[in-house]
$ cat model_29.csv   # CSV, C-alpha atoms
chain,number,residue,atom,x,y,z
A,22,MET,CA,-5.6,5.6,-3.7
A,23,PRO,CA,-3.8,5.3,-7.0
A,24,GLY,CA,-5.7,6.1,-10.1
A,25,VAL,CA,-5.9,4.5,-13.5
A,26,HIS,CA,-2.5,3.2,-14.7
A,27,ALA,CA,-0.8,5.1,-17.5
A,28,LYS,CA,0.2,3.2,-20.7
A,29,LEU,CA,3.8,3.4,-19.6
A,30,ASN,CA,3.0,2.9,-16.0
A,31,PRO,CA,5.7,2.6,-13.3
A,32,SER,CA,4.6,-0.8,-12.0
A,33,ALA,CA,5.3,-2.3,-15.4
A,34,ALA,CA,8.5,-0.3,-16.0
A,35,ALA,CA,10.8,-3.4,-15.6
A,36,ARG,CA,9.0,-4.8,-18.6
A,37,TRP,CA,8.6,-1.9,-21.0
A,38,ILE,CA,12.1,-0.5,-20.4
A,39,ALA,CA,13.7,-3.9,-21.1
A,40,CYS,CA,11.2,-5.0,-23.8
A,41,PRO,CA,9.6,-2.0,-25.5
A,42,PRO,CA,7.4,-3.9,-28.0
A,43,SER,CA,5.7,-5.8,-25.2
A,44,VAL,CA,3.5,-2.7,-24.7
A,45,ALA,CA,1.9,-3.0,-28.1
A,46,LEU,CA,1.8,-6.8,-27.8
A,47,THR,CA,-0.3,-6.6,-24.6
A,48,GLN,CA,-2.6,-3.8,-25.7
A,49,GLY,CA,-6.2,-4.9,-25.2
A,50,MET,CA,-5.2,-7.8,-23.1
A,51,LYS,CA,-7.3,-7.8,-19.9
A,52,GLU,CA,-5.6,-8.7,-16.6
A,53,GLU,CA,-7.6,-11.2,-14.7
A,54,PRO,CA,-8.6,-10.1,-11.1
A,55,SER,CA,-6.7,-11.9,-8.4
A,56,LEU,CA,-7.0,-12.2,-4.6
A,57,GLU,CA,-3.5,-10.9,-4.2
A,58,ALA,CA,-4.3,-7.7,-6.2
A,59,GLU,CA,-7.5,-7.1,-4.3
A,60,GLU,CA,-5.6,-7.7,-1.0
A,61,GLY,CA,-2.9,-5.3,-2.0
A,62,ALA,CA,-5.3,-2.6,-3.0
A,63,GLN,CA,-7.1,-3.0,0.3
A,64,ALA,CA,-3.8,-2.8,2.3
A,65,HIS,CA,-2.8,0.4,0.4
A,66,ALA,CA,-6.2,2.0,1.2
A,67,ILE,CA,-5.9,1.2,4.9
A,68,ALA,CA,-2.2,2.4,4.9
A,69,GLU,CA,-3.2,5.6,3.3
A,70,GLN,CA,-6.0,6.2,5.8
A,71,LYS,CA,-3.6,5.6,8.7
A,72,LEU,CA,-1.1,8.0,7.4
A,73,ARG,CA,-3.7,10.7,6.8
A,74,LYS,CA,-5.0,10.2,10.3
A,75,TYR,CA,-1.5,10.7,11.6
A,76,ILE,CA,-1.2,14.0,9.6
A,77,SER,CA,-4.6,15.3,10.7
A,78,LYS,CA,-4.1,14.1,14.3
A,79,GLY,CA,-7.5,12.3,14.0
A,80,ARG,CA,-8.8,10.2,16.8
A,81,LYS,CA,-11.1,7.9,14.9
A,82,LYS,CA,-9.7,4.3,14.6
A,83,ILE,CA,-9.1,3.1,11.1
A,84,ALA,CA,-11.1,-0.2,10.8
A,85,CYS,CA,-9.4,-3.2,9.4
A,86,GLU,CA,-11.0,-6.6,10.0
A,87,ASP,CA,-7.9,-8.6,8.9
A,88,LYS,CA,-5.6,-8.6,12.0
A,89,ASN,CA,-2.5,-9.4,10.0
A,90,MET,CA,-3.2,-6.6,7.5
A,91,ASP,CA,-3.9,-4.2,10.4
A,92,GLY,CA,-0.5,-5.0,11.9
A,93,TYR,CA,1.4,-4.7,8.6
A,94,THR,CA,-0.2,-1.4,7.7
A,95,ASP,CA,0.6,-0.2,11.2
A,96,ASP,CA,4.2,-1.1,10.6
A,97,TYR,CA,4.3,0.8,7.3
A,98,ARG,CA,2.7,3.9,8.9
A,99,ASP,CA,5.2,3.7,11.7
A,100,TYR,CA,8.1,3.4,9.3
A,101,VAL,CA,7.0,6.5,7.3
A,102,VAL,CA,6.4,8.4,10.5
A,103,GLU,CA,9.8,7.5,11.8
A,104,GLN,CA,11.4,8.7,8.6
A,105,PHE,CA,9.4,11.9,8.7
A,106,ASN,CA,10.3,12.6,12.4
A,107,THR,CA,14.0,11.9,11.7
A,108,ALA,CA,13.8,14.4,8.7
A,109,LYS,CA,12.1,17.0,10.9
A,110,LYS,CA,14.9,16.9,13.4
A,111,ALA,CA,17.4,17.8,10.7
A,112,ASP,CA,15.0,20.2,8.9
A,113,PRO,CA,11.9,21.6,10.8
A,114,THR,CA,10.4,22.6,7.4
A,115,ALA,CA,10.2,18.9,6.3
A,116,LYS,CA,7.1,18.0,4.2
A,117,LEU,CA,5.2,14.8,4.1
A,118,PHE,CA,2.9,14.0,1.1
A,119,VAL,CA,0.6,10.9,1.0
A,120,GLU,CA,-0.5,9.2,-2.2
A,121,GLU,CA,0.8,12.0,-4.4
A,122,HIS,CA,0.4,12.1,-8.2
A,123,LEU,CA,3.9,12.0,-9.7
A,124,ASP,CA,4.3,12.9,-13.4
A,125,TYR,CA,7.3,11.7,-15.3
A,126,SER,CA,5.9,12.4,-18.8
A,127,GLU,CA,9.0,14.5,-19.6
A,128,TRP,CA,10.8,11.1,-20.1
A,129,ALA,CA,7.9,8.8,-21.0
A,130,LYS,CA,4.8,9.9,-22.9
A,131,ASP,CA,1.8,10.3,-20.5
A,132,GLY,CA,3.9,8.7,-17.8
A,133,SER,CA,2.6,9.1,-14.3
A,134,GLY,CA,2.0,7.2,-11.1
A,135,THR,CA,1.2,7.6,-7.4
A,136,GLY,CA,3.8,7.8,-4.7
A,137,ASP,CA,2.7,6.1,-1.5
A,138,ALA,CA,4.6,8.6,0.6
A,139,VAL,CA,7.0,11.4,-0.3
A,140,ILE,CA,9.1,13.2,2.3
A,141,ILE,CA,11.2,16.3,1.4
A,142,ALA,CA,13.7,17.6,3.9
A,143,ASP,CA,17.4,18.7,4.3
A,144,GLY,CA,18.3,18.4,0.6
A,145,THR,CA,16.8,15.0,0.1
A,146,CYS,CA,13.6,13.7,-1.4
A,147,HIS,CA,12.4,10.4,0.1
A,148,ILE,CA,10.1,8.1,-2.0
A,149,ILE,CA,8.6,5.4,0.1
A,150,ASP,CA,6.8,2.5,-1.7
A,151,PHE,CA,4.6,0.1,0.2
A,152,LYS,CA,4.6,-3.5,-1.1
A,153,TYR,CA,2.1,-5.8,0.5
A,154,GLY,CA,2.9,-8.9,-1.6
A,155,ALA,CA,4.3,-11.9,0.2
A,156,GLY,CA,5.5,-13.8,-2.9
A,157,VAL,CA,8.3,-12.1,-4.8
A,158,PRO,CA,10.8,-10.0,-2.8
A,159,VAL,CA,11.2,-6.5,-4.2
A,160,ASP,CA,14.4,-4.5,-3.8
A,161,ALA,CA,14.9,-0.8,-4.1
A,162,TYR,CA,18.3,-1.1,-5.7
A,163,GLU,CA,18.1,-0.2,-9.4
A,164,ASN,CA,14.3,-0.6,-9.2
A,165,PRO,CA,12.8,1.2,-12.2
A,166,GLN,CA,9.4,1.7,-10.6
A,167,CYS,CA,10.9,3.6,-7.7
A,168,ARG,CA,13.2,5.5,-10.0
A,169,LEU,CA,10.3,6.7,-12.1
A,170,TYR,CA,8.6,7.9,-9.0
A,171,ALA,CA,11.8,9.7,-8.2
A,172,LEU,CA,11.8,11.4,-11.7
A,173,GLY,CA,8.2,12.3,-11.1
A,174,ALA,CA,9.1,13.9,-7.7
A,175,ILE,CA,11.9,15.9,-9.4
A,176,ASN,CA,9.4,17.1,-12.0
A,177,GLU,CA,6.8,17.9,-9.4
A,178,TYR,CA,8.8,19.4,-6.5
A,179,GLY,CA,12.3,20.2,-8.0
A,180,MET,CA,11.4,23.9,-8.7
A,181,ILE,CA,9.6,24.3,-5.3
A,182,TYR,CA,11.9,22.6,-2.8
A,183,ASP,CA,15.7,22.6,-2.8
A,184,PHE,CA,17.0,19.0,-2.9
A,185,ASP,CA,19.9,17.4,-4.8
A,186,LYS,CA,19.4,13.8,-3.7
A,187,VAL,CA,16.6,11.3,-3.9
A,188,LYS,CA,16.4,8.2,-1.6
A,189,THR,CA,13.9,5.5,-2.6
A,190,HIS,CA,12.6,3.0,0.0
A,191,ILE,CA,10.7,-0.2,-0.5
A,192,PHE,CA,8.8,-1.4,2.6
A,193,GLN,CA,7.7,-5.0,2.2
A,194,PRO,CA,6.5,-6.1,5.7
A,195,ARG,CA,5.3,-9.6,4.8
A,196,LYS,CA,8.8,-10.4,3.6
A,197,ASN,CA,10.4,-8.6,6.6
A,198,SER,CA,12.2,-6.4,4.1
A,199,ILE,CA,13.2,-2.8,3.9
A,200,SER,CA,15.6,-1.7,1.1
A,201,THR,CA,16.8,1.7,-0.1
A,202,GLU,CA,18.7,3.3,-2.9
A,203,GLU,CA,20.2,6.8,-2.9
A,204,LEU,CA,21.0,8.7,-6.1
A,205,THR,CA,21.7,12.3,-6.9
A,206,VAL,CA,19.2,14.3,-8.9
A,207,ASP,CA,21.7,14.5,-11.7
A,208,GLU,CA,22.2,10.7,-11.8
A,209,LEU,CA,18.4,10.1,-12.0
A,210,ILE,CA,18.0,12.6,-14.8
A,211,ALA,CA,20.8,11.0,-16.7
A,212,TRP,CA,19.1,7.6,-16.2
A,213,GLY,CA,15.8,9.1,-17.4
A,214,GLU,CA,17.5,10.5,-20.5
A,215,THR,CA,19.7,7.5,-21.5
A,216,VAL,CA,17.5,4.6,-20.4
A,217,VAL,CA,13.9,5.7,-19.9
A,218,ARG,CA,13.4,8.1,-22.8
A,219,PRO,CA,14.6,5.9,-25.7
A,220,ALA,CA,12.8,2.8,-24.3
A,221,ALA,CA,9.6,4.8,-23.8
A,222,GLU,CA,9.7,6.2,-27.4
A,223,LEU,CA,10.1,2.8,-28.8
A,224,ALA,CA,7.3,1.4,-26.6
A,225,ASP,CA,4.9,4.1,-27.5
A,226,LYS,CA,5.4,3.4,-31.2
A,227,GLY,CA,5.3,-0.4,-30.7
A,228,GLU,CA,8.8,-0.7,-32.0
A,229,GLY,CA,12.1,-2.1,-30.7
A,230,GLU,CA,13.4,-5.6,-30.2
A,231,PHE,CA,11.7,-8.2,-28.0
A,232,ASN,CA,13.9,-9.0,-25.1
A,233,PRO,CA,12.5,-12.0,-23.0
A,234,GLY,CA,13.9,-12.4,-19.5
A,235,GLU,CA,12.8,-13.5,-16.0
A,236,LYS,CA,12.0,-10.0,-14.7
A,237,GLN,CA,10.3,-8.5,-17.7
A,238,CYS,CA,8.3,-11.7,-18.5
A,239,ARG,CA,7.1,-12.5,-14.9
A,240,TRP,CA,4.1,-10.1,-15.0
A,241,CYS,CA,3.7,-9.7,-18.8
A,242,LEU,CA,0.2,-10.5,-20.0
A,243,ALA,CA,1.6,-12.1,-23.1
A,244,LYS,CA,4.1,-14.3,-21.3
A,245,ASP,CA,2.1,-17.5,-22.1
A,246,THR,CA,1.9,-17.1,-25.9
A,247,CYS,CA,4.9,-14.7,-26.7
A,248,LYS,CA,6.8,-16.3,-29.6
A,249,ALA,CA,10.0,-14.4,-28.7
A,250,ARG,CA,10.0,-16.0,-25.3
A,251,ALA,CA,9.4,-19.4,-26.8
A,252,LYS,CA,12.1,-18.9,-29.4
A,253,LYS,CA,14.6,-17.9,-26.8
A,254,ASN,CA,14.0,-20.8,-24.5
A,255,LEU,CA,13.9,-23.4,-27.3
A,256,GLN,CA,17.1,-21.9,-28.8
A,257,ILE,CA,19.0,-22.6,-25.6
A,258,PHE,CA,18.7,-26.3,-26.4
A,259,ILE,CA,19.6,-26.0,-30.0
A,260,ASP,CA,22.7,-23.8,-29.7
A,261,GLY,CA,26.0,-25.7,-29.5
A,262,ASP,CA,28.0,-28.0,-31.8
A,263,ASN,CA,26.6,-30.5,-34.2
A,264,ASP,CA,27.0,-33.5,-32.0
A,265,LEU,CA,23.4,-34.4,-31.1
A,266,ALA,CA,24.3,-37.5,-29.1
A,267,THR,CA,24.9,-36.1,-25.6
A,268,MET,CA,25.5,-32.7,-24.0
A,269,SER,CA,28.9,-32.0,-22.7
A,270,LEU,CA,29.4,-30.6,-19.2
A,271,GLU,CA,30.3,-27.3,-20.8
A,272,GLU,CA,27.0,-27.2,-22.6
A,273,ILE,CA,25.1,-28.2,-19.4
A,274,ALA,CA,27.0,-25.4,-17.6
A,275,LYS,CA,25.6,-22.9,-20.1
A,276,LEU,CA,22.1,-24.3,-19.7
A,277,LEU,CA,21.9,-24.3,-15.9
A,278,PRO,CA,21.5,-20.5,-15.5
A,279,HIS,CA,18.4,-20.6,-17.7
A,280,ILE,CA,16.6,-23.5,-16.0
A,281,LYS,CA,14.5,-21.4,-13.7
A,282,GLU,CA,13.2,-19.3,-16.5
A,283,ILE,CA,12.5,-22.3,-18.7
A,284,GLU,CA,10.6,-24.0,-15.9
A,285,ALA,CA,8.6,-20.8,-15.4
A,286,TRP,CA,7.8,-20.6,-19.1
A,287,CYS,CA,6.7,-24.3,-19.2
A,288,LYS,CA,4.4,-23.7,-16.2
A,289,ASP,CA,2.9,-20.5,-17.8
A,290,ILE,CA,2.1,-22.4,-21.0
A,291,LYS,CA,0.5,-25.3,-19.1
A,292,THR,CA,-1.6,-22.9,-17.0
A,293,TYR,CA,-2.7,-20.9,-20.0
A,294,ALA,CA,-3.7,-24.1,-21.9
A,295,LEU,CA,-5.7,-25.3,-18.9
A,296,ASP,CA,-7.4,-21.9,-18.5
A,297,GLN,CA,-8.4,-22.0,-22.2
A,298,MET,CA,-9.8,-25.5,-22.0
A,299,LEU,CA,-11.8,-24.6,-18.9
A,300,LYS,CA,-13.2,-21.7,-20.9
A,301,GLY,CA,-14.4,-24.2,-23.5
A,302,GLU,CA,-11.6,-24.1,-26.0
A,303,GLN,CA,-10.3,-27.3,-27.6
A,304,ILE,CA,-6.6,-28.3,-27.9
A,305,LYS,CA,-6.0,-31.1,-30.4
A,306,GLY,CA,-5.0,-34.4,-28.8
A,307,TYR,CA,-5.9,-33.3,-25.2
A,308,LYS,CA,-8.8,-33.4,-22.9
A,309,LEU,CA,-9.7,-32.2,-19.3
A,310,VAL,CA,-9.6,-35.0,-16.7
A,311,GLU,CA,-10.0,-35.1,-13.0
A,312,ALA,CA,-6.7,-35.5,-11.3
A,313,SER,CA,-6.4,-37.8,-8.3
A,314,ALA,CA,-6.9,-36.2,-4.9
A,315,LYS,CA,-5.7,-37.4,-1.6
A,316,ARG,CA,-8.2,-39.1,0.8
A,317,LYS,CA,-8.7,-37.4,4.1
A,318,ILE,CA,-10.2,-38.4,7.4
A,319,ILE,CA,-13.4,-36.5,8.1
A,320,ASP,CA,-14.4,-38.3,11.4
A,321,GLU,CA,-11.3,-39.3,13.3
A,322,GLU,CA,-13.1,-40.4,16.5
A,323,GLY,CA,-15.7,-42.4,14.5
A,324,LEU,CA,-12.9,-44.2,12.6
A,325,LYS,CA,-11.1,-45.0,15.8
A,326,GLN,CA,-14.3,-46.4,17.3
A,327,GLU,CA,-15.0,-48.5,14.2
A,328,LEU,CA,-11.5,-50.0,14.3
A,329,ARG,CA,-11.7,-50.6,18.0
A,330,GLU,CA,-15.0,-52.5,17.7
A,331,HIS,CA,-13.3,-54.7,15.1
A,332,GLY,CA,-10.5,-55.8,17.4
A,333,TYR,CA,-7.8,-53.2,16.6
A,334,GLU,CA,-6.2,-51.9,19.8
A,335,ASP,CA,-5.8,-48.2,20.6
A,336,GLU,CA,-2.0,-48.4,20.3
A,337,ASP,CA,-2.4,-49.5,16.7
A,338,THR,CA,-4.8,-46.7,15.8
A,339,MET,CA,-4.5,-43.9,18.2
A,340,LYS,CA,-1.9,-42.1,16.1
A,341,LEU,CA,-3.9,-42.9,13.0
A,342,LYS,CA,-0.7,-43.1,10.9
A,343,SER,CA,-1.2,-42.5,7.2
A,344,LEU,CA,-4.2,-43.9,5.5
A,345,SER,CA,-1.9,-46.2,3.5
A,346,ASP,CA,-0.4,-47.5,6.8
A,347,LEU,CA,-4.0,-48.2,8.1
A,348,GLU,CA,-4.8,-50.0,4.9
A,349,LYS,CA,-1.8,-52.3,5.3
A,350,LEU,CA,-2.7,-52.9,9.0
A,351,VAL,CA,-6.4,-53.7,8.3
A,352,GLY,CA,-6.3,-54.9,4.7
A,353,LYS,CA,-7.4,-52.8,1.7
A,354,LYS,CA,-10.9,-54.3,1.3
A,355,GLU,CA,-11.8,-54.4,5.0
A,356,PHE,CA,-10.5,-50.9,5.5
A,357,ALA,CA,-12.7,-49.7,2.7
A,358,ILE,CA,-15.7,-51.1,4.5
A,359,LEU,CA,-14.7,-49.9,8.0
A,360,SER,CA,-13.8,-46.4,6.9
A,361,ALA,CA,-17.0,-45.7,5.0
A,362,GLY,CA,-18.4,-42.5,6.3
A,363,HIS,CA,-15.2,-41.6,8.1
A,364,VAL,CA,-12.9,-41.1,5.1
A,365,GLU,CA,-13.6,-39.3,1.9
A,366,ARG,CA,-11.8,-38.5,-1.3
A,367,PRO,CA,-12.5,-34.9,-2.5
A,368,LYS,CA,-13.1,-34.1,-6.1
A,369,GLY,CA,-9.8,-33.8,-7.9
A,370,SER,CA,-8.5,-30.7,-9.5
A,371,PRO,CA,-8.7,-30.3,-13.3
A,372,ALA,CA,-5.7,-31.6,-15.4
A,373,ILE,CA,-4.9,-31.6,-19.1
A,374,ALA,CA,-4.1,-35.1,-20.3
A,375,PRO,CA,-3.8,-36.9,-23.7
A,376,LEU,CA,-7.0,-38.3,-25.2
A,377,ASN,CA,-6.0,-41.9,-24.3
A,378,ASP,CA,-5.8,-41.1,-20.6
A,379,LYS,CA,-8.1,-43.4,-18.6
A,380,ARG,CA,-9.1,-40.9,-15.9
A,381,LYS,CA,-12.7,-39.6,-16.0
A,382,LEU,CA,-13.5,-36.3,-17.7
A,383,TYR,CA,-13.5,-33.2,-15.6
A,384,GLU,CA,-17.0,-31.7,-15.8
A,385,ASP,CA,-19.3,-29.2,-14.1
A,386,ILE,CA,-16.8,-26.8,-12.6
A,387,THR,CA,-16.2,-23.1,-13.2
A,388,ALA,CA,-12.8,-21.7,-14.0
A,389,ALA,CA,-12.7,-19.8,-10.7
A,390,GLU,CA,-13.3,-23.0,-8.7
A,391,ALA,CA,-10.9,-25.0,-10.8
A,392,PHE,CA,-7.9,-22.7,-10.1
A,393,LYS,CA,-8.2,-23.2,-6.3
A,394,ASP,CA,-6.0,-26.3,-6.7
A,395,VAL,CA,-4.6,-26.7,-10.2
A,396,GLU,CA,-2.6,-29.6,-11.6
A,397,VAL,CA,-1.4,-29.9,-15.2
A,398,SER,CA,-0.3,-33.3,-16.3
A,399,SER,CA,2.3,-33.8,-19.0
$ encode --input "model_29.csv" --output "structure tokens"
Amino acid sequence: MPGVHAKLNPSAAARWIACPPSVALTQGMKEEPSLEAEEGAQAHAIAEQKLRKYISKGRKKIACEDKNMDGYTDDYRDYVVEQFNTAKKADPTAKLFVEEHLDYSEWAKDGSGTGDAVIIADGTCHIIDFKYGAGVPVDAYENPQCRLYALGAINEYGMIYDFDKVKTHIFQPRKNSISTEELTVDELIAWGETVVRPAAELADKGEGEFNPGEKQCRWCLAKDTCKARAKKNLQIFIDGDNDLATMSLEEIAKLLPHIKEIEAWCKDIKTYALDQMLKGEQIKGYKLVEASAKRKIIDEEGLKQELREHGYEDEDTMKLKSLSDLEKLVGKKEFAILSAGHVERPKGSPAIAPLNDKRKLYEDITAAEAFKDVEVSS
């Protein structure tokens, strides 16, 4: 299993290489635990055990209660084994290392990480990274995390084994994705010298220019409150000529490529504000309210029987259209009476709303419960 992350850790390389001062900005910020992170850690642990079992030729089955995870980690193991067997055909001395510590501190102070699988054979070092996430697709092409692992492999194994190429692989089974990038050792070292080293030196000192962007901001702990990000997104609307009446098509064309990032920024701010209010903080002019929640049928057979007994034929109710359609069929008041005990409206999720909002206050809920189904009103 991977150990404690370094300050300039490989998983955050896309951020600190592109935006060096973000390292100092996020110092001391605690990352909130998430189901996805726990799931990913569990999947990596299972995958590691399965690979080690293959190497040791063990017979004991690796337990995994999650059938999907069991299948995906099997797929990852099989991919690594396939790559290893292919390498052995070309080079019988091929080596396979699992969860290896890779030190790239020559280019970034105290920089190190853990390579999920490393194969060395026939003049090539393979770095295989297992991504269990199902949300954002990850590509090996120009991937700074994989390239840092590659630099670590050059540092760890370059003097022991003879290889002049490094091939990085990202195996992301839940996205049905396998991607690779192949570079020479010289190309990687040049990247380390010209890109990694200067960025790492600035990041370590807390210096450099802030550089907000989709990739570097996505996982940054300061993304919600970073003024540089706010300034960049707001400036997009300000830039242009002095005609403040309407935007020209040319100005809209310049704005369109930034819409996705602006939307993400707005969502991050709303989520952060909601989180702070759930923790007891006050935001002037706003309050927590209970958002409306959709009604749902909890006793379908009972509702059908109730309608049947009041003269509604099966052909009217068997499909139980939408609740709105049933209300129109029966009448709102009568339906409220007939559906009692058969239909319920769950407690709504928390929402931020202006003080004059008429919805009832959202009370008696923990932050963890609240974020199961979050809505943030404008």
$ closest_residue --input "model_29.csv" --among "A:Gly79, A:Gly332, A:Pro31, A:Gly229" --to "Leu46 (chain A)" --atoms "only C-alpha atoms"
A:Gly229
$ atom_distance --input "model_29.csv" --atom1 "CA of Arg36 (chain A)" --atom2 "CA of Gln297 (chain A)"
24.7 Å
$ closest_residue --input "model_29.csv" --among "A:Ser133, A:Thr114, A:Gln70, A:Gln104" --to "Leu29 (chain A)" --atoms "only C-alpha atoms"
A:Ser133
$ atom_distance --input "model_29.csv" --atom1 "CA of Lys71 (chain A)" --atom2 "CA of Asp95 (chain A)"
7.6 Å
$ closest_residue --input "model_29.csv" --among "A:Gln166, A:Asn176, A:Thr94, A:Ser343" --to "Phe192 (chain A)" --atoms "all atoms listed in the file"
A:Thr94
$ residues_around --input "model_29.csv" --residues "Glu203 (chain A)" --least-positions-apart "2" --cutoff "7 Å" --atoms "all atoms listed in the file" --output "ChimeraX atom specification"
/A:187-189,201,205
$ write_last_selection --input "model_29.csv" --atoms "C-alpha atoms" --output "mmCIF file, in the coordinates of the input"
data_model
loop_
_atom_site.group_PDB
_atom_site.id
_atom_site.type_symbol
_atom_site.label_atom_id
_atom_site.label_comp_id
_atom_site.auth_asym_id
_atom_site.auth_seq_id
_atom_site.Cartn_x
_atom_site.Cartn_y
_atom_site.Cartn_z
ATOM 1 C CA VAL A 187 16.600 11.300 -3.900
ATOM 2 C CA LYS A 188 16.400 8.200 -1.600
ATOM 3 C CA THR A 189 13.900 5.500 -2.600
ATOM 4 C CA THR A 201 16.800 1.700 -0.100
ATOM 5 C CA THR A 205 21.700 12.300 -6.900
#
$ atom_distance --input "model_29.csv" --atom1 "CA of Lys317 (chain A)" --atom2 "CA of Leu344 (chain A)"
8.0 Å
$ closest_residue --input "model_29.csv" --among "A:Phe356, A:Tyr383, A:Tyr153, A:Tyr125" --to "Arg168 (chain A)" --atoms "all atoms listed in the file"
A:Tyr125
$ closest_residue --input "model_29.csv" --among "A:Glu177, A:Glu60, A:Glu163, A:Glu222" --to "Glu208 (chain A)" --atoms "only C-alpha atoms"
A:Glu163
$ residues_around --input "model_29.csv" --residues "region 298-309 of chain A" --least-positions-apart "6" --cutoff "8 Å" --atoms "all atoms listed in the file" --output "JSON, numbers by chain"
{"A": [371, 372, 373, 374, 375, 376, 382, 383, 387, 388]}
$ residues_near_point --input "model_29.csv" --point "(0.4, 9.8, -7.7)" --cutoff "6 Å" --atoms "all atoms listed in the file" --output "JSON, numbers by chain"
{"A": [120, 121, 122, 123, 134, 135, 136]}
$ build_atoms --input "model_29.csv" --residues "region 190-201 of chain A" --atoms "N, CA, C and O atoms" --output "PDB file, keeping the file's coordinate frame"
ATOM      1  N   HIS A 190      12.766   4.086  -0.984  1.00  0.00           N
ATOM      2  CA  HIS A 190      12.600   3.000   0.000  1.00  0.00           C
ATOM      3  C   HIS A 190      11.524   2.080  -0.446  1.00  0.00           C
ATOM      4  O   HIS A 190      10.477   2.503  -0.944  1.00  0.00           O
ATOM      5  N   ILE A 191      11.739   0.792  -0.270  1.00  0.00           N
ATOM      6  CA  ILE A 191      10.700  -0.200  -0.500  1.00  0.00           C
ATOM      7  C   ILE A 191      10.445  -0.890   0.866  1.00  0.00           C
ATOM      8  O   ILE A 191      11.357  -1.498   1.436  1.00  0.00           O
ATOM      9  N   PHE A 192       9.212  -0.763   1.351  1.00  0.00           N
ATOM     10  CA  PHE A 192       8.800  -1.400   2.600  1.00  0.00           C
ATOM     11  C   PHE A 192       7.912  -2.543   2.320  1.00  0.00           C
ATOM     12  O   PHE A 192       6.789  -2.373   1.840  1.00  0.00           O
ATOM     13  N   GLN A 193       8.400  -3.762   2.560  1.00  0.00           N
ATOM     14  CA  GLN A 193       7.700  -5.000   2.200  1.00  0.00           C
ATOM     15  C   GLN A 193       7.554  -5.825   3.529  1.00  0.00           C
ATOM     16  O   GLN A 193       8.323  -6.762   3.736  1.00  0.00           O
ATOM     17  N   PRO A 194       6.585  -5.528   4.373  1.00  0.00           N
ATOM     18  CA  PRO A 194       6.500  -6.100   5.700  1.00  0.00           C
ATOM     19  C   PRO A 194       6.334  -7.634   5.734  1.00  0.00           C
ATOM     20  O   PRO A 194       6.853  -8.323   6.612  1.00  0.00           O
ATOM     21  N   ARG A 195       5.591  -8.181   4.786  1.00  0.00           N
ATOM     22  CA  ARG A 195       5.300  -9.600   4.800  1.00  0.00           C
ATOM     23  C   ARG A 195       6.551 -10.435   4.396  1.00  0.00           C
ATOM     24  O   ARG A 195       6.571 -11.652   4.573  1.00  0.00           O
ATOM     25  N   LYS A 196       7.545  -9.763   3.840  1.00  0.00           N
ATOM     26  CA  LYS A 196       8.800 -10.400   3.600  1.00  0.00           C
ATOM     27  C   LYS A 196       9.898  -9.916   4.539  1.00  0.00           C
ATOM     28  O   LYS A 196      11.073 -10.236   4.382  1.00  0.00           O
ATOM     29  N   ASN A 197       9.441  -9.153   5.549  1.00  0.00           N
ATOM     30  CA  ASN A 197      10.400  -8.600   6.600  1.00  0.00           C
ATOM     31  C   ASN A 197      11.527  -7.891   5.882  1.00  0.00           C
ATOM     32  O   ASN A 197      12.696  -8.083   6.234  1.00  0.00           O
ATOM     33  N   SER A 198      11.205  -7.052   4.898  1.00  0.00           N
ATOM     34  CA  SER A 198      12.200  -6.400   4.100  1.00  0.00           C
ATOM     35  C   SER A 198      12.059  -4.926   3.961  1.00  0.00           C
ATOM     36  O   SER A 198      10.953  -4.440   3.670  1.00  0.00           O
ATOM     37  N   ILE A 199      13.138  -4.214   4.193  1.00  0.00           N
ATOM     38  CA  ILE A 199      13.200  -2.800   3.900  1.00  0.00           C
ATOM     39  C   ILE A 199      14.500  -2.562   3.135  1.00  0.00           C
ATOM     40  O   ILE A 199      15.581  -2.947   3.577  1.00  0.00           O
ATOM     41  N   SER A 200      14.385  -1.977   1.958  1.00  0.00           N
ATOM     42  CA  SER A 200      15.600  -1.700   1.100  1.00  0.00           C
ATOM     43  C   SER A 200      15.538  -0.284   0.646  1.00  0.00           C
ATOM     44  O   SER A 200      14.473   0.324   0.520  1.00  0.00           O
ATOM     45  N   THR A 201      16.716   0.263   0.362  1.00  0.00           N
ATOM     46  CA  THR A 201      16.800   1.700  -0.100  1.00  0.00           C
ATOM     47  C   THR A 201      17.847   1.809  -1.184  1.00  0.00           C
ATOM     48  O   THR A 201      18.728   0.957  -1.354  1.00  0.00           O
TER      49      THR A 201
END
